[in-house]
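Only one structure is covered here, and it is reproduced in the block below.
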Amino acid sequence: MNPASLIPVADTLTAPNGWFQFFLMLTFPLHLFAMNAMLGAGLVAFISHLYPGRAHRELSHELAKALPFLVAFTVNLGVAPLLFVNVIYGHLLYSSTVLMGLYWLAVIPLLIIAYYLAYIYDFSFKKLGNLAMFVLLLVLVLLLFVGFIFSNNMTMMIAPTSWSRWFTTPGGSLLNLADPTLLPRYLHIITGSLAVGGLFSALYATTVLKFDSEVAEAGRKLGMQLFSWLTLLQLGVGSWFLLTLPQKTLQRFMGGGTVATALLAIGILLAVATLVTGFKQQVLPTLWLTLPLVYVMSFMRDVVRGNFLAPYFNPATVPVQVQWSPLVFFLVVLVLGVLLVGWMLSRLVNLKKAA
């Protein structure tokens, strides 16, 4: 069966595609930053449970207080990029979602359970005692499984050749496990997330938790160690992911495409630079190198998606019937939302310092 025959017709856009692509690439890294902080803070808190002494236990306790906020920010910052993906690739994403509908519908209850357990970990930290680390472990497992579901959907969305499986298994229970890029892609995202999350924990410890020098030092040291070693591992996982890509896509990054090759070169240089500053335990220099690195990786991800879909779909060919009011309304709400969130964060930090 011709895979193209299974692809629905794309909906008409209300503004030129470039606008939606721009906002997708603007908002998706913001979601990544929150997700990285969430997973990394959870991992640092879990590892801290394994260390003896007051400093590491207090570090776990302080990160426990931040975890529910990070889960909330991750979910909310994920809404905008998911909506923009739906606008541009909605007919593809809808199809892949139907194929794995049972897993996709499970995302919401899984997130609710993880969010609830994060609050239990926070408010009942002292009462739980040694059980606290197992509650946190369950939170991390649930969040990682949700990420695995998303990776399945996003890889199946760009692989229409796998959609014909629905005719033999129409129950919405399909996953994209046969795709050679799925596992390295997922591990690439998770390893990077945990690494950047370690950096967030180090930054959080040295700024918000600086009132307790022992706790701040424990968080800085553990967070930067986690960042450095996982970034080193990430270079290997990223190379594995790159080598699993189809030949034409791989060639784009190996000199066949100017933009793709430049992104790969910049990404490698930034990653190596973060390793240097990371192993030196330099938090702020590492942060300023990591911020553009996450955006570069996001752009590379978009290049990979475009190459996979090139034989089947080009967003630039979608008809446009201009209606500016929805886009203007979104921009107004976005600006107001950013200002409100910024004010809330400043209030939270100030209250934390005062306490």
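In the structure tokens, the first chain shown is A, the next is B, and so on; residue numbers restart at 1 for each chain, and ligands run from 1 in the order shown.
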
Contact check, segment 261-339 of chain A to segment 11-16 of chain A, at most 10 Å, counting only C-alpha atoms, closest pairs as JSON lines:
```
{"residue": "A:Pro315", "atom": "CA", "partner": "A:Leu13", "partner_atom": "CA", "distance": 9.7}
{"residue": "A:Ala316", "atom": "CA", "partner": "A:Pro16", "partner_atom": "CA", "distance": 8.3}
{"residue": "A:Val318", "atom": "CA", "partner": "A:Thr12", "partner_atom": "CA", "distance": 6.4}
{"residue": "A:Pro319", "atom": "CA", "partner": "A:Thr12", "partner_atom": "CA", "distance": 5.2}
{"residue": "A:Val320", "atom": "CA", "partner": "A:Leu13", "partner_atom": "CA", "distance": 4.7}
{"residue": "A:Gln321", "atom": "CA", "partner": "A:Thr14", "partner_atom": "CA", "distance": 5.1}
{"residue": "A:Val322", "atom": "CA", "partner": "A:Thr14", "partner_atom": "CA", "distance": 4.6}
{"residue": "A:Gln323", "atom": "CA", "partner": "A:Thr14", "partner_atom": "CA", "distance": 5.0}
{"residue": "A:Trp324", "atom": "CA", "partner": "A:Ala15", "partner_atom": "CA", "distance": 6.7}
{"residue": "A:Ser325", "atom": "CA", "partner": "A:Thr14", "partner_atom": "CA", "distance": 9.3}
{"residue": "A:Pro326", "atom": "CA", "partner": "A:Thr14", "partner_atom": "CA", "distance": 8.2}
{"residue": "A:Leu327", "atom": "CA", "partner": "A:Ala15", "partner_atom": "CA", "distance": 7.8}
```

Please, could you write that set of residues out with C-alpha atoms as a CSV table (one decimal), in the first residue's frame?
```
chain,number,residue,atom,x,y,z
A,315,PRO,CA,4.1,22.5,5.1
A,316,ALA,CA,4.9,25.3,2.7
A,318,VAL,CA,-0.6,24.0,2.6
A,319,PRO,CA,-3.2,26.6,1.4
A,320,VAL,CA,-3.4,29.8,3.5
A,321,GLN,CA,-6.6,31.7,4.2
A,322,VAL,CA,-5.4,34.7,6.2
A,323,GLN,CA,-7.1,35.5,9.5
A,324,TRP,CA,-4.8,37.6,11.6
A,325,SER,CA,-7.0,38.0,14.7
A,326,PRO,CA,-6.3,34.6,16.2
A,327,LEU,CA,-2.6,35.1,15.9
```

| Hey, what's within 8 Å of Ala80 of chain A if we count only C-alpha atoms and toss same-chain stuff fewer than 5 positions away? As a PyMOL selection string, please? | chain A and resi 24+27-28

Long-range neighbours of Phe308 of chain A as a PDB file with all heavy atoms, in the first residue's frame, 10 Å cut-off, only C-alpha atoms, 5 positions minimum in chain:
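The new file result.pdb reads:
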```pdb
ATOM      1  N   THR A 155       7.671   9.949  16.544  1.00  0.00           N
ATOM      2  CA  THR A 155       8.379   9.185  15.514  1.00  0.00           C
ATOM      3  C   THR A 155       7.406   8.500  14.562  1.00  0.00           C
ATOM      4  O   THR A 155       7.685   8.364  13.366  1.00  0.00           O
ATOM      5  CB  THR A 155       9.304   8.129  16.149  1.00  0.00           C
ATOM      6  OG1 THR A 155       8.550   7.308  17.045  1.00  0.00           O
ATOM      7  CG2 THR A 155      10.431   8.777  16.899  1.00  0.00           C
ATOM      8  N   MET A 157       4.495   9.702  13.784  1.00  0.00           N
ATOM      9  CA  MET A 157       3.906  10.779  12.989  1.00  0.00           C
ATOM     10  C   MET A 157       4.681  11.011  11.698  1.00  0.00           C
ATOM     11  O   MET A 157       4.104  11.316  10.657  1.00  0.00           O
ATOM     12  CB  MET A 157       3.884  12.066  13.819  1.00  0.00           C
ATOM     13  CG  MET A 157       3.315  13.276  13.117  1.00  0.00           C
ATOM     14  SD  MET A 157       3.600  14.814  14.020  1.00  0.00           S
ATOM     15  CE  MET A 157       5.268  15.220  13.491  1.00  0.00           C
ATOM     16  N   ILE A 158       6.000  10.863  11.751  1.00  0.00           N
ATOM     17  CA  ILE A 158       6.830  11.140  10.573  1.00  0.00           C
ATOM     18  C   ILE A 158       7.172   9.867   9.805  1.00  0.00           C
ATOM     19  O   ILE A 158       8.048   9.883   8.934  1.00  0.00           O
ATOM     20  CB  ILE A 158       8.123  11.875  10.990  1.00  0.00           C
ATOM     21  CG1 ILE A 158       8.950  11.035  11.955  1.00  0.00           C
ATOM     22  CG2 ILE A 158       7.792  13.240  11.602  1.00  0.00           C
ATOM     23  CD1 ILE A 158      10.280  11.657  12.352  1.00  0.00           C
ATOM     24  N   ALA A 159       6.494   8.765  10.130  1.00  0.00           N
ATOM     25  CA  ALA A 159       6.748   7.490   9.447  1.00  0.00           C
ATOM     26  C   ALA A 159       5.446   6.888   8.945  1.00  0.00           C
ATOM     27  O   ALA A 159       4.968   5.875   9.488  1.00  0.00           O
ATOM     28  CB  ALA A 159       7.469   6.526  10.388  1.00  0.00           C
ATOM     29  N   PRO A 160       4.829   7.478   7.919  1.00  0.00           N
ATOM     30  CA  PRO A 160       3.556   6.945   7.400  1.00  0.00           C
ATOM     31  C   PRO A 160       3.643   5.505   6.913  1.00  0.00           C
ATOM     32  O   PRO A 160       2.618   4.830   6.806  1.00  0.00           O
ATOM     33  CB  PRO A 160       3.231   7.900   6.242  1.00  0.00           C
ATOM     34  CG  PRO A 160       3.976   9.161   6.549  1.00  0.00           C
ATOM     35  CD  PRO A 160       5.229   8.712   7.227  1.00  0.00           C
ATOM     36  N   LEU A 245      19.853   7.392  11.607  1.00  0.00           N
ATOM     37  CA  LEU A 245      19.021   8.145  10.673  1.00  0.00           C
ATOM     38  C   LEU A 245      19.167   7.589   9.258  1.00  0.00           C
ATOM     39  O   LEU A 245      20.216   7.047   8.901  1.00  0.00           O
ATOM     40  CB  LEU A 245      19.421   9.625  10.687  1.00  0.00           C
ATOM     41  CG  LEU A 245      19.194  10.381  11.997  1.00  0.00           C
ATOM     42  CD1 LEU A 245      19.757  11.801  11.885  1.00  0.00           C
ATOM     43  CD2 LEU A 245      17.717  10.418  12.354  1.00  0.00           C
ATOM     44  N   PRO A 246      18.133   7.724   8.418  1.00  0.00           N
ATOM     45  CA  PRO A 246      18.245   7.294   7.023  1.00  0.00           C
ATOM     46  C   PRO A 246      19.420   7.988   6.325  1.00  0.00           C
ATOM     47  O   PRO A 246      19.812   9.092   6.706  1.00  0.00           O
ATOM     48  CB  PRO A 246      16.905   7.735   6.420  1.00  0.00           C
ATOM     49  CG  PRO A 246      15.970   7.788   7.583  1.00  0.00           C
ATOM     50  CD  PRO A 246      16.789   8.221   8.756  1.00  0.00           C
ATOM     51  N   LYS A 248      19.880   9.595   3.548  1.00  0.00           N
ATOM     52  CA  LYS A 248      19.706  10.945   3.012  1.00  0.00           C
ATOM     53  C   LYS A 248      19.700  11.992   4.120  1.00  0.00           C
ATOM     54  O   LYS A 248      20.252  13.091   3.958  1.00  0.00           O
ATOM     55  CB  LYS A 248      18.404  11.031   2.203  1.00  0.00           C
ATOM     56  CG  LYS A 248      18.450  10.276   0.882  1.00  0.00           C
ATOM     57  CD  LYS A 248      17.168  10.497   0.080  1.00  0.00           C
ATOM     58  CE  LYS A 248      17.228   9.777  -1.257  1.00  0.00           C
ATOM     59  NZ  LYS A 248      15.983   9.969  -2.051  1.00  0.00           N
ATOM     60  N   THR A 249      19.062  11.662   5.240  1.00  0.00           N
ATOM     61  CA  THR A 249      19.030  12.597   6.365  1.00  0.00           C
ATOM     62  C   THR A 249      20.413  12.738   6.984  1.00  0.00           C
ATOM     63  O   THR A 249      20.844  13.850   7.314  1.00  0.00           O
ATOM     64  CB  THR A 249      18.033  12.107   7.428  1.00  0.00           C
ATOM     65  OG1 THR A 249      16.756  11.910   6.828  1.00  0.00           O
ATOM     66  CG2 THR A 249      17.912  13.111   8.559  1.00  0.00           C
ATOM     67  N   ASP A 302      14.087  19.647  14.180  1.00  0.00           N
ATOM     68  CA  ASP A 302      13.156  20.088  13.148  1.00  0.00           C
ATOM     69  C   ASP A 302      13.667  19.704  11.759  1.00  0.00           C
ATOM     70  O   ASP A 302      12.876  19.349  10.878  1.00  0.00           O
ATOM     71  CB  ASP A 302      12.956  21.597  13.246  1.00  0.00           C
ATOM     72  CG  ASP A 302      11.818  22.086  12.371  1.00  0.00           C
ATOM     73  OD1 ASP A 302      10.663  21.689  12.615  1.00  0.00           O
ATOM     74  OD2 ASP A 302      12.086  22.864  11.435  1.00  0.00           O
ATOM     75  N   VAL A 303      14.977  19.781  11.556  1.00  0.00           N
ATOM     76  CA  VAL A 303      15.560  19.369  10.274  1.00  0.00           C
ATOM     77  C   VAL A 303      15.313  17.882  10.030  1.00  0.00           C
ATOM     78  O   VAL A 303      14.946  17.464   8.923  1.00  0.00           O
ATOM     79  CB  VAL A 303      17.072  19.676  10.240  1.00  0.00           C
ATOM     80  CG1 VAL A 303      17.722  19.042   9.006  1.00  0.00           C
ATOM     81  CG2 VAL A 303      17.311  21.181  10.243  1.00  0.00           C
ATOM     82  N   PHE A 313       5.063  15.208   2.639  1.00  0.00           N
ATOM     83  CA  PHE A 313       4.380  16.449   3.026  1.00  0.00           C
ATOM     84  C   PHE A 313       5.382  17.596   3.158  1.00  0.00           C
ATOM     85  O   PHE A 313       6.467  17.433   3.717  1.00  0.00           O
ATOM     86  CB  PHE A 313       3.667  16.244   4.367  1.00  0.00           C
ATOM     87  CG  PHE A 313       3.045  17.487   4.937  1.00  0.00           C
ATOM     88  CD1 PHE A 313       1.985  18.117   4.278  1.00  0.00           C
ATOM     89  CD2 PHE A 313       3.519  18.043   6.123  1.00  0.00           C
ATOM     90  CE1 PHE A 313       1.413  19.263   4.807  1.00  0.00           C
ATOM     91  CE2 PHE A 313       2.953  19.183   6.654  1.00  0.00           C
ATOM     92  CZ  PHE A 313       1.896  19.798   5.985  1.00  0.00           C
TER      93      PHE A 313
END
```

Leu144 of chain A environment, 10 Å, only C-alpha atoms, sequence neighbours closer than 4 positions dropped, as a list of chain:residue names: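 Counting only the stated atoms, we get A:Leu39, A:Leu138, A:Val139, A:Leu140, A:Phe148, A:Ile149, A:Phe150, A:Tyr186, A:Ile190.
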
Selected residues, N, CA, C and O atoms, written as a compact mmCIF listing (two decimals), in the first residue's frame, please.
```txt
# COMPACT_ATOMS: atom_id res chain seq x y z
N LEU A 39 13.06 16.77 35.46
CA LEU A 39 13.70 15.46 35.54
C LEU A 39 15.03 15.52 36.27
O LEU A 39 15.35 14.64 37.09
N LEU A 138 9.06 6.58 41.88
CA LEU A 138 7.83 6.32 41.14
C LEU A 138 7.44 7.53 40.29
O LEU A 138 7.00 7.37 39.14
N VAL A 139 7.62 8.73 40.84
CA VAL A 139 7.35 9.95 40.07
C VAL A 139 8.22 9.98 38.81
O VAL A 139 7.73 10.24 37.70
N LEU A 140 9.50 9.71 38.97
CA LEU A 140 10.42 9.75 37.84
C LEU A 140 10.07 8.68 36.79
O LEU A 140 10.11 8.94 35.59
N PHE A 148 8.31 8.52 26.95
CA PHE A 148 8.43 7.43 25.98
C PHE A 148 7.20 7.39 25.08
O PHE A 148 7.31 7.13 23.87
N ILE A 149 6.03 7.65 25.64
CA ILE A 149 4.80 7.69 24.84
C ILE A 149 4.89 8.82 23.82
O ILE A 149 4.54 8.64 22.63
N PHE A 150 5.36 9.98 24.24
CA PHE A 150 5.50 11.10 23.31
C PHE A 150 6.49 10.78 22.20
O PHE A 150 6.26 11.11 21.03
N TYR A 186 14.92 8.60 21.96
CA TYR A 186 14.38 8.76 23.31
C TYR A 186 15.50 8.95 24.33
O TYR A 186 15.46 9.86 25.17
N ILE A 190 16.30 12.11 26.80
CA ILE A 190 16.29 11.93 28.26
C ILE A 190 17.66 12.20 28.86
O ILE A 190 17.78 12.86 29.91
```

Using only C-alpha atoms, I'd like a table of the residues in segment 20-122 of chain A that come within 7 Å of segment 218-222 of chain A; for each, show the closest atom pair and its distance in Å rounded to one decimal, ordered by chain and ascending number, as CSV.
```
residue,atom,partner,partner_atom,distance
A:Ala55,CA,A:Ala218,CA,6.5
A:His56,CA,A:Ala218,CA,6.4
A:Leu59,CA,A:Gly219,CA,6.5
```

Exercise for the section: Give the answer as one residue: which of A:Ala41, A:Leu137, A:Leu92, A:Leu174 has the shortest atom-to-atom distance to Leu6 of chain A, using only C-alpha atoms? Expected result: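 Nearest to Leu6 of chain A: A:Leu92.
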
Measuring between only C-alpha atoms, which one of A:Glu62, A:Asp212, A:Glu217, A:Asp122 shows the shortest distance to Val283 of chain A?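 The answer is A:Glu217, which sits nearest to Val283 of chain A.
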
Taken to one decimal, the atom CA of Val328 of chain A-atom CA of His91 of chain A distance is 24.2 Å

For this session: Quick one: pick out all alpha helix (DSSP H) residues within segment 27-204 of chain A from a backbone DSSP run and write them as an MDAnalysis selection string.
Result: chainID A and resid 27:49 54:99 101:123 125:128 132:157 182:204

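Atom pair atom CA of Ala114 of chain A / atom CA of Ala66 of chain A: separated by 14.2 Å.
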
* **Test item: residues at most 12 Å from Leu232 of chain A, only C-alpha atoms, excluding those fewer than 2 positions along its chain, as a ChimeraX atom specification** => /A:188,191-192,195,225-230,234-239,268,271-276,278-279

Next item on the list: Determine the nearest neighbour of Val9 of chain A from the options A:Ser346, A:Gln251, A:Ser213, A:Asn314, counting only C-alpha atoms.
Entry: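 Ranking A:Ser346, A:Gln251, A:Ser213, A:Asn314 by distance to Val9 of chain A, first place goes to A:Asn314.
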
inquiry  = For a quick check of understanding, using only C-alpha atoms, which of A:Phe241, A:Tyr51, A:Phe69, A:Tyr94 has the smallest distance to Met156 of chain A?
reply    =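 With only C-alpha atoms as the atom set, the closest residue is A:Tyr94.
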
Excluding His61 of chain A and any residue of its chain fewer than 2 positions from it, enumerate the residues within 9 Å of it, using only C-alpha atoms, and give them as a list in words. Ala45, His56, Arg57, Glu58, Leu59, Leu63, Ala64, Lys65, Tyr121, Asp122, Phe125 and Lys126 of chain A

Residues just named, written with N, CA and C atoms as a short mmCIF file (atom, residue, chain, number, x, y, z; two decimals), in the first residue's frame:
```cif
data_model
loop_
_atom_site.label_atom_id
_atom_site.label_comp_id
_atom_site.auth_asym_id
_atom_site.auth_seq_id
_atom_site.Cartn_x
_atom_site.Cartn_y
_atom_site.Cartn_z
N ALA A 45 17.65 14.95 43.52
CA ALA A 45 17.02 14.69 44.82
C ALA A 45 17.11 13.21 45.16
N HIS A 56 22.92 16.68 52.25
CA HIS A 56 22.26 16.02 51.12
C HIS A 56 20.78 15.75 51.42
N ARG A 57 20.47 15.47 52.68
CA ARG A 57 19.05 15.26 53.01
C ARG A 57 18.28 16.57 52.86
N GLU A 58 18.89 17.67 53.30
CA GLU A 58 18.24 18.97 53.14
C GLU A 58 18.14 19.35 51.67
N LEU A 59 19.13 18.97 50.89
CA LEU A 59 19.08 19.23 49.45
C LEU A 59 17.88 18.50 48.83
N LEU A 63 14.67 20.40 47.05
CA LEU A 63 14.26 20.08 45.68
C LEU A 63 12.86 19.49 45.66
N ALA A 64 12.47 18.82 46.75
CA ALA A 64 11.10 18.29 46.85
C ALA A 64 10.09 19.43 46.80
N LYS A 65 10.44 20.55 47.42
CA LYS A 65 9.55 21.70 47.41
C LYS A 65 9.41 22.30 46.01
N TYR A 121 5.43 13.75 48.00
CA TYR A 121 6.88 13.78 48.27
C TYR A 121 7.29 15.09 48.94
N ASP A 122 6.65 16.18 48.53
CA ASP A 122 6.95 17.50 49.09
C ASP A 122 6.39 17.64 50.51
N PHE A 125 7.44 14.85 53.20
CA PHE A 125 8.85 14.45 53.09
C PHE A 125 9.38 13.88 54.40
N LYS A 126 9.16 14.60 55.50
CA LYS A 126 9.70 14.17 56.80
C LYS A 126 8.96 12.95 57.34
#
```

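Atom CA of Ile88 of chain A sits 11.0 Å away from atom CA of Thr317 of chain A.
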
Applying 7 Å and only C-alpha atoms, which residues near Ala34 of chain A remain after dropping the ones on its own chain fewer than 3 positions away? List them as a PDB file with N, CA, C and O atoms, in the first residue's frame.
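Ended up saving to out_34.pdb:
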```pdb
ATOM      1  N   LEU A  30      11.464  26.192  25.368  1.00  0.00           N
ATOM      2  CA  LEU A  30      11.019  26.604  26.693  1.00  0.00           C
ATOM      3  C   LEU A  30      10.430  25.415  27.446  1.00  0.00           C
ATOM      4  O   LEU A  30      10.658  25.245  28.656  1.00  0.00           O
ATOM      5  N   HIS A  31       9.663  24.606  26.736  1.00  0.00           N
ATOM      6  CA  HIS A  31       9.139  23.371  27.333  1.00  0.00           C
ATOM      7  C   HIS A  31      10.284  22.436  27.715  1.00  0.00           C
ATOM      8  O   HIS A  31      10.252  21.815  28.787  1.00  0.00           O
ATOM      9  N   ALA A  37      14.621  20.685  33.845  1.00  0.00           N
ATOM     10  CA  ALA A  37      14.709  21.045  35.260  1.00  0.00           C
ATOM     11  C   ALA A  37      13.926  20.053  36.116  1.00  0.00           C
ATOM     12  O   ALA A  37      14.384  19.641  37.193  1.00  0.00           O
ATOM     13  N   MET A  38      12.760  19.642  35.637  1.00  0.00           N
ATOM     14  CA  MET A  38      11.914  18.708  36.382  1.00  0.00           C
ATOM     15  C   MET A  38      12.609  17.360  36.560  1.00  0.00           C
ATOM     16  O   MET A  38      12.738  16.854  37.691  1.00  0.00           O
ATOM     17  N   LEU A  70       7.839  22.536  39.100  1.00  0.00           N
ATOM     18  CA  LEU A  70       8.495  22.172  37.840  1.00  0.00           C
ATOM     19  C   LEU A  70       7.602  21.280  36.980  1.00  0.00           C
ATOM     20  O   LEU A  70       7.578  21.406  35.755  1.00  0.00           O
ATOM     21  N   PHE A  73       5.037  23.667  35.439  1.00  0.00           N
ATOM     22  CA  PHE A  73       5.623  24.465  34.366  1.00  0.00           C
ATOM     23  C   PHE A  73       5.880  23.616  33.121  1.00  0.00           C
ATOM     24  O   PHE A  73       5.680  24.059  31.989  1.00  0.00           O
ATOM     25  N   THR A  74       6.323  22.387  33.324  1.00  0.00           N
ATOM     26  CA  THR A  74       6.589  21.503  32.178  1.00  0.00           C
ATOM     27  C   THR A  74       5.319  21.243  31.379  1.00  0.00           C
ATOM     28  O   THR A  74       5.314  21.331  30.147  1.00  0.00           O
TER      29      THR A  74
END
```
